Amino acid sequence: MGLAKRIIPCLDVDKGRVVKGKRFGDLRDVGDPVEMAIKYRDDGADEIVFLDITATIEKRKTLIEVVEKVASKIDIPFTVGGGIRNVEDAFQLLRSGADKISINTAAFENPEIISTLADKFGSQCVVVAIDAKRTFNTRSGYEVFTHSGKVATETDVVEWAKKAEALGSGELLLTSIDRDGTRMGYDLDLLKLVTSSVKIPVIASGGVGSLDHFYQAFYFGNADATLAASVFHYGDFTIKQIKEFLYLKGIKVRLV
Amino acid sequence: MIFGIIDYGASNIFSLIHALKRLNINTKIIGNPKEIESLDAVILPGVGNFTSASQIMLKFKENLLKACESNIPIFGICLGLQLFFEESEEGFGKGLAFLDGKVVKFKVNLKVPHMGWNSIKKVRSSTLLKDLNSEAWAYFAHSYYPLPKNDEIIKGVTDYGIEFPSVIEFKNLFGTQFHPEKSGITGQRILNNFIEYLKK
């Protein structure tokens, strides 16, 4: 017995629809958020992450509608991220049924937002999303990028991960920009680096392409959860298949 | 049947409302403490911090105490369950003190918050855990757990470095340290068991 390792499908949402390209590049429509959430729930998803990537002003309203619809239909936890700028944005999403909110650029630019949210809503609902890339600018060799991977910060990923933890983040969602969309596997060096630096759960993201990649993230990378998008959307394998594979390799998973 | 949900302002009550709606239960968000006496059941929901919740709870305290004495079933979820006790290591502020014991922080060599899916082991005959599989998975998100003085009220436990109480029942008080509204089929059964108990 004990805590299960989690498998989390990620849905990038643009104007109320699920899209997928490489997250930092071109987009393609792949479905309706509510239908896809239900499908993944039934397949054994432990959680669902929605990242709103809409770039327009009216996005907030569309996103709230999506969150409310999802929350009324599914009975597993879900996280909403993308464009959360302040406590009010976060509060509105939590009130609409989101269990956790994920903050990236806003947290980096204004770290107090993490402690404010943690004090008000509890650490368990604050996920700090970190996009990192291998560069020569930092000590560990991994640098934090903000603004959907476009802006280099010259900050070491370890330093930022520790700071986010100290401020009250309940979890880290760690994406490798180098691997995202490549299907070459999670960046295990990055993962090991961060999981050995913090005590809060770390969700591995970016690059999964095979069943073994999930295993590697848990076994070698010490991830608490793995996030994936395209391998699910395009039906490479189901969540059930992944979990059965992991179970046979001795990883604790929730089989439904 | 109408269930009242005490709103501490920070809780995710939307999911709870919908989980109950799927089981044909209407809910009412309770702002005025006087409304409590006319309810079929009261729910203390789960997200927030002990100190701030205990402050908001002040205005409901007297009426909840009355409800408890007049046997209105009260279901505490996560922090809601912790508020059944008087004190928490999370901070100052007084809980409802319906039950003896205290709320303590995980002191294990594992990640805290304990967050994710873990299983519930039934240790005593239980209303909430009726007809549940031996490996029933539930969703947890917490750093503290209740430690009742009386072991007999612990109906289910969960293993996270130590075995901690995850299901508590005493007379008309029911509580889960996990979130039934987020625990898929297990959670649905637990909420349904509570509803069935009320119908009797």
# chains A, B, ... in the order shown; residues from 1 in each chain; ligands from 1

$ residues_around --residues "A:Val80" --least-positions-apart "2" --cutoff "6 Å" --atoms "only C-alpha atoms" --output "list in words"
Val49, Phe50, Leu51, Ile101 and Ser102 of chain A

$ closest_atom_pairs --of "chain A" --to "chain B" --cutoff "6 Å" --atoms "only C-alpha atoms" --output "CSV"
residue,atom,partner,partner_atom,distance
A:Gly2,CA,B:Asp159,CA,5.3
A:Leu3,CA,B:Asn118,CA,4.6
A:Ala4,CA,B:Trp117,CA,5.5
A:Ala71,CA,B:Ser15,CA,5.7
A:Ser72,CA,B:His18,CA,5.2
A:Asp75,CA,B:Lys182,CA,4.7
A:Ile76,CA,B:Lys182,CA,4.4
A:Pro77,CA,B:Lys182,CA,5.6
A:Arg95,CA,B:Asn12,CA,5.9
A:Gly97,CA,B:Phe14,CA,5.0
A:Phe121,CA,B:Gly48,CA,4.9
A:Gly122,CA,B:Gly48,CA,5.2
A:Gln124,CA,B:Ala141,CA,5.9
A:Lys199,CA,B:Lys111,CA,5.4
A:Ile200,CA,B:Lys111,CA,5.6

$ write_last_selection --atoms "N, CA, C and O atoms" --output "CSV table (one decimal), in the first residue's frame"
chain,number,residue,atom,x,y,z
A,2,GLY,N,0.3,2.4,-0.2
A,2,GLY,CA,1.0,3.6,-0.3
A,2,GLY,C,0.5,4.4,-1.5
A,2,GLY,O,-0.4,4.0,-2.2
A,3,LEU,N,1.1,5.6,-1.6
A,3,LEU,CA,0.7,6.5,-2.6
A,3,LEU,C,1.0,6.0,-4.1
A,3,LEU,O,2.1,5.5,-4.3
A,4,ALA,N,0.1,6.2,-4.9
A,4,ALA,CA,0.3,5.7,-6.3
A,4,ALA,C,1.0,6.8,-7.2
A,4,ALA,O,0.8,8.0,-6.9
A,71,ALA,N,-15.8,20.5,-14.3
A,71,ALA,CA,-16.0,20.2,-12.9
A,71,ALA,C,-17.4,19.5,-12.6
A,71,ALA,O,-17.5,18.7,-11.7
A,72,SER,N,-18.4,19.9,-13.4
A,72,SER,CA,-19.7,19.3,-13.2
A,72,SER,C,-19.8,17.9,-13.7
A,72,SER,O,-20.7,17.1,-13.4
A,75,ASP,N,-15.2,13.4,-11.8
A,75,ASP,CA,-15.0,13.3,-10.3
A,75,ASP,C,-13.6,12.9,-9.9
A,75,ASP,O,-13.3,12.2,-9.0
A,76,ILE,N,-12.6,13.4,-10.7
A,76,ILE,CA,-11.2,13.3,-10.3
A,76,ILE,C,-10.6,14.7,-10.4
A,76,ILE,O,-11.2,15.6,-10.9
A,77,PRO,N,-9.5,14.9,-9.7
A,77,PRO,CA,-8.9,16.2,-9.6
A,77,PRO,C,-8.5,16.8,-11.0
A,77,PRO,O,-8.0,16.0,-11.8
A,95,ARG,N,-13.1,28.7,-7.6
A,95,ARG,CA,-14.6,28.7,-7.4
A,95,ARG,C,-15.4,28.0,-8.5
A,95,ARG,O,-16.5,27.6,-8.2
A,97,GLY,N,-14.5,25.4,-9.9
A,97,GLY,CA,-14.4,23.9,-9.8
A,97,GLY,C,-13.0,23.4,-10.0
A,97,GLY,O,-12.8,22.2,-9.9
A,121,PHE,N,-5.5,29.6,0.0
A,121,PHE,CA,-6.2,28.4,-0.5
A,121,PHE,C,-5.5,27.1,-0.1
A,121,PHE,O,-6.0,26.0,-0.3
A,122,GLY,N,-4.4,27.1,0.5
A,122,GLY,CA,-3.6,25.9,0.9
A,122,GLY,C,-2.6,25.5,-0.2
A,122,GLY,O,-2.9,25.7,-1.4
A,124,GLN,N,-1.8,22.7,-1.3
A,124,GLN,CA,-2.2,21.6,-2.2
A,124,GLN,C,-2.8,22.1,-3.5
A,124,GLN,O,-2.8,21.4,-4.5
A,199,LYS,N,11.3,18.7,-1.8
A,199,LYS,CA,10.6,17.7,-1.1
A,199,LYS,C,9.1,17.6,-1.5
A,199,LYS,O,8.4,16.7,-1.1
A,200,ILE,N,8.7,18.5,-2.4
A,200,ILE,CA,7.3,18.5,-2.9
A,200,ILE,C,7.2,17.7,-4.1
A,200,ILE,O,8.3,17.4,-4.8

$ residues_around --residues "B:Leu96" --least-positions-apart "2" --cutoff "8 Å" --atoms "only C-alpha atoms" --output "PyMOL selection string"
chain B and resi 61+65+83-86+94+98

$ write_last_selection --atoms "N, CA and C atoms" --output "CSV table (one decimal), in the first residue's frame"
chain,number,residue,atom,x,y,z
B,61,LYS,N,-20.5,28.1,14.9
B,61,LYS,CA,-20.2,27.2,16.0
B,61,LYS,C,-21.4,26.8,16.9
B,65,LEU,N,-23.1,23.1,17.0
B,65,LEU,CA,-23.1,22.4,18.2
B,65,LEU,C,-24.5,21.9,18.5
B,83,LEU,N,-11.7,19.9,11.6
B,83,LEU,CA,-12.4,20.9,12.4
B,83,LEU,C,-13.3,20.3,13.4
B,84,PHE,N,-13.6,19.0,13.4
B,84,PHE,CA,-14.3,18.3,14.4
B,84,PHE,C,-13.5,18.2,15.7
B,85,PHE,N,-12.2,18.5,15.6
B,85,PHE,CA,-11.3,18.4,16.7
B,85,PHE,C,-11.0,19.8,17.2
B,86,GLU,N,-10.4,19.9,18.4
B,86,GLU,CA,-10.3,21.3,19.0
B,86,GLU,C,-9.1,22.0,18.4
B,94,LYS,N,-9.5,27.6,17.3
B,94,LYS,CA,-10.2,26.5,17.9
B,94,LYS,C,-11.2,25.9,17.0
B,98,PHE,N,-15.9,18.6,18.7
B,98,PHE,CA,-16.9,17.6,18.8
B,98,PHE,C,-16.3,16.2,19.3

$ select_by_dssp --residues "stretch 174-247 of chain A" --states "alpha helix (DSSP H)" --output "ChimeraX atom specification"
/A:188-195,211-219,230-233,239-247

$ select_by_dssp --residues "stretch 48-161 of chain A" --states "strand (DSSP E)" --output "count of residues only"
33

$ atom_distance --atom1 "atom CA of B:Ala97" --atom2 "atom CA of A:Thr116"
28.8 Å

$ closest_residue --among "A:Val87, A:Asp42, A:Thr54, A:Pro33" --to "A:Asp119" --atoms "only C-alpha atoms"
A:Val87

$ closest_atom_pairs --of "stretch 29-100 of chain A" --to "stretch 234-237 of chain A" --cutoff "12 Å" --atoms "only C-alpha atoms" --output "tab-separated table"
residue	atom	partner	partner_atom	distance
A:Asp29	CA	A:Tyr234	CA	11.6
A:Val30	CA	A:Tyr234	CA	8.6
A:Gly31	CA	A:Tyr234	CA	11.0
A:Lys39	CA	A:Gly235	CA	11.9
A:Tyr40	CA	A:Gly235	CA	11.3
A:Asp43	CA	A:Phe237	CA	10.8

$ residues_around --residues "B:Ile154" --least-positions-apart "2" --cutoff "8 Å" --atoms "only C-alpha atoms" --output "list in words"
Val123, Arg124, Pro148, Asn150, Asp151, Glu152, Gly156, Val157, Pro165, Ser166, Val167, Ile168 and Glu169 of chain B

$ write_last_selection --atoms "N, CA, C and O atoms" --output "mmCIF file, in the first residue's frame"
data_model
loop_
_atom_site.group_PDB
_atom_site.id
_atom_site.type_symbol
_atom_site.label_atom_id
_atom_site.label_comp_id
_atom_site.auth_asym_id
_atom_site.auth_seq_id
_atom_site.Cartn_x
_atom_site.Cartn_y
_atom_site.Cartn_z
ATOM 1 N N VAL B 123 -10.870 -0.870 8.978
ATOM 2 C CA VAL B 123 -10.411 -1.521 10.209
ATOM 3 C C VAL B 123 -11.547 -1.848 11.178
ATOM 4 O O VAL B 123 -11.349 -2.606 12.122
ATOM 5 N N ARG B 124 -12.710 -1.256 10.934
ATOM 6 C CA ARG B 124 -13.878 -1.557 11.772
ATOM 7 C C ARG B 124 -15.125 -1.465 10.915
ATOM 8 O O ARG B 124 -15.084 -0.902 9.827
ATOM 9 N N PRO B 148 -7.658 10.879 16.768
ATOM 10 C CA PRO B 148 -8.666 10.864 17.835
ATOM 11 C C PRO B 148 -8.145 10.133 19.069
ATOM 12 O O PRO B 148 -7.317 9.238 18.945
ATOM 13 N N ASN B 150 -10.060 8.332 21.005
ATOM 14 C CA ASN B 150 -10.757 7.050 21.018
ATOM 15 C C ASN B 150 -10.539 6.307 19.694
ATOM 16 O O ASN B 150 -11.092 6.683 18.668
ATOM 17 N N ASP B 151 -9.764 5.233 19.724
ATOM 18 C CA ASP B 151 -9.474 4.443 18.520
ATOM 19 C C ASP B 151 -10.724 3.866 17.861
ATOM 20 O O ASP B 151 -10.748 3.642 16.658
ATOM 21 N N GLU B 152 -11.738 3.623 18.667
ATOM 22 C CA GLU B 152 -12.940 2.951 18.159
ATOM 23 C C GLU B 152 -13.635 3.742 17.057
ATOM 24 O O GLU B 152 -14.364 3.170 16.255
ATOM 25 N N GLY B 156 -11.412 3.605 9.020
ATOM 26 C CA GLY B 156 -10.529 3.293 7.903
ATOM 27 C C GLY B 156 -9.181 3.969 8.108
ATOM 28 O O GLY B 156 -9.117 5.049 8.705
ATOM 29 N N VAL B 157 -8.120 3.296 7.661
ATOM 30 C CA VAL B 157 -6.788 3.900 7.773
ATOM 31 C C VAL B 157 -6.095 3.859 6.415
ATOM 32 O O VAL B 157 -6.485 3.096 5.523
ATOM 33 N N PRO B 165 -5.495 7.741 10.389
ATOM 34 C CA PRO B 165 -6.942 7.595 10.238
ATOM 35 C C PRO B 165 -7.432 8.341 8.996
ATOM 36 O O PRO B 165 -7.156 9.527 8.849
ATOM 37 N N SER B 166 -8.136 7.652 8.128
ATOM 38 C CA SER B 166 -8.657 8.329 6.940
ATOM 39 C C SER B 166 -10.178 8.325 6.883
ATOM 40 O O SER B 166 -10.766 9.073 6.106
ATOM 41 N N VAL B 167 -10.807 7.477 7.713
ATOM 42 C CA VAL B 167 -12.271 7.498 7.811
ATOM 43 C C VAL B 167 -12.644 7.437 9.288
ATOM 44 O O VAL B 167 -12.174 6.566 10.019
ATOM 45 N N ILE B 168 -13.462 8.397 9.716
ATOM 46 C CA ILE B 168 -13.881 8.472 11.117
ATOM 47 C C ILE B 168 -15.402 8.539 11.185
ATOM 48 O O ILE B 168 -16.033 9.233 10.384
ATOM 49 N N GLU B 169 -15.972 7.784 12.113
ATOM 50 C CA GLU B 169 -17.423 7.844 12.323
ATOM 51 C C GLU B 169 -17.690 7.769 13.819
ATOM 52 O O GLU B 169 -17.111 6.937 14.514
#

$ residues_around --residues "A:Ala106" --least-positions-apart "2" --cutoff "12 Å" --atoms "only C-alpha atoms" --output "VMD selection string"
chain A and resid 81 to 87 89 to 90 102 to 104 108 to 114 128 to 130 146 to 148

$ write_last_selection --atoms "C-alpha atoms" --output "PDB file, in the first residue's frame"
ATOM      1  CA  GLY A  81      -3.166  26.851 -15.821  1.00  0.00           C
ATOM      2  CA  GLY A  82      -2.288  29.418 -18.407  1.00  0.00           C
ATOM      3  CA  GLY A  83      -2.440  33.142 -18.087  1.00  0.00           C
ATOM      4  CA  ILE A  84      -3.192  33.327 -14.361  1.00  0.00           C
ATOM      5  CA  ARG A  85      -1.879  36.749 -13.396  1.00  0.00           C
ATOM      6  CA  ASN A  86      -3.121  37.313  -9.878  1.00  0.00           C
ATOM      7  CA  VAL A  87      -4.994  35.984  -6.857  1.00  0.00           C
ATOM      8  CA  ASP A  89      -7.816  34.959 -11.453  1.00  0.00           C
ATOM      9  CA  ALA A  90      -6.878  31.980  -9.320  1.00  0.00           C
ATOM     10  CA  SER A 102      -0.846  26.143 -12.169  1.00  0.00           C
ATOM     11  CA  ILE A 103       1.161  29.350 -12.465  1.00  0.00           C
ATOM     12  CA  ASN A 104       4.256  29.892 -14.526  1.00  0.00           C
ATOM     13  CA  PHE A 108       8.359  33.909 -11.662  1.00  0.00           C
ATOM     14  CA  GLU A 109       7.806  37.625 -12.105  1.00  0.00           C
ATOM     15  CA  ASN A 110       5.961  38.044  -8.835  1.00  0.00           C
ATOM     16  CA  PRO A 111       6.887  35.159  -6.494  1.00  0.00           C
ATOM     17  CA  GLU A 112       4.735  36.476  -3.616  1.00  0.00           C
ATOM     18  CA  ILE A 113       1.729  35.278  -5.606  1.00  0.00           C
ATOM     19  CA  ILE A 114       2.733  31.745  -4.546  1.00  0.00           C
ATOM     20  CA  VAL A 128       4.233  26.103  -9.986  1.00  0.00           C
ATOM     21  CA  ALA A 129       4.970  25.271 -13.623  1.00  0.00           C
ATOM     22  CA  ILE A 130       8.605  25.549 -14.616  1.00  0.00           C
ATOM     23  CA  THR A 146       9.112  32.108 -19.068  1.00  0.00           C
ATOM     24  CA  HIS A 147       6.429  33.362 -21.467  1.00  0.00           C
ATOM     25  CA  SER A 148       5.742  29.920 -22.995  1.00  0.00           C
TER      26      SER A 148
END

$ atom_distance --atom1 "atom CA of A:Val13" --atom2 "atom CA of A:Ala161"
25.7 Å

$ residues_around --residues "B:Ile36" --least-positions-apart "4" --cutoff "10 Å" --atoms "only C-alpha atoms" --output "PyMOL selection string"
chain B and resi 3-6+30-32+40-42+60+63-64+66-67+72

$ residues_around --residues "B:Phe170" --least-positions-apart "3" --cutoff "7 Å" --atoms "only C-alpha atoms" --output "count of residues only"
3

$ atom_distance --atom1 "atom CA of B:Gly80" --atom2 "atom CA of B:Ile56"
12.2 Å

$ closest_residue --among "B:Leu99, B:Leu147, B:Leu128, B:Leu191" --to "B:Phe164" --atoms "only C-alpha atoms"
B:Leu147

$ closest_residue --among "B:Asn172, B:Ser88, B:Asn133, B:Gln55" --to "B:Ile190" --atoms "only C-alpha atoms"
B:Asn133
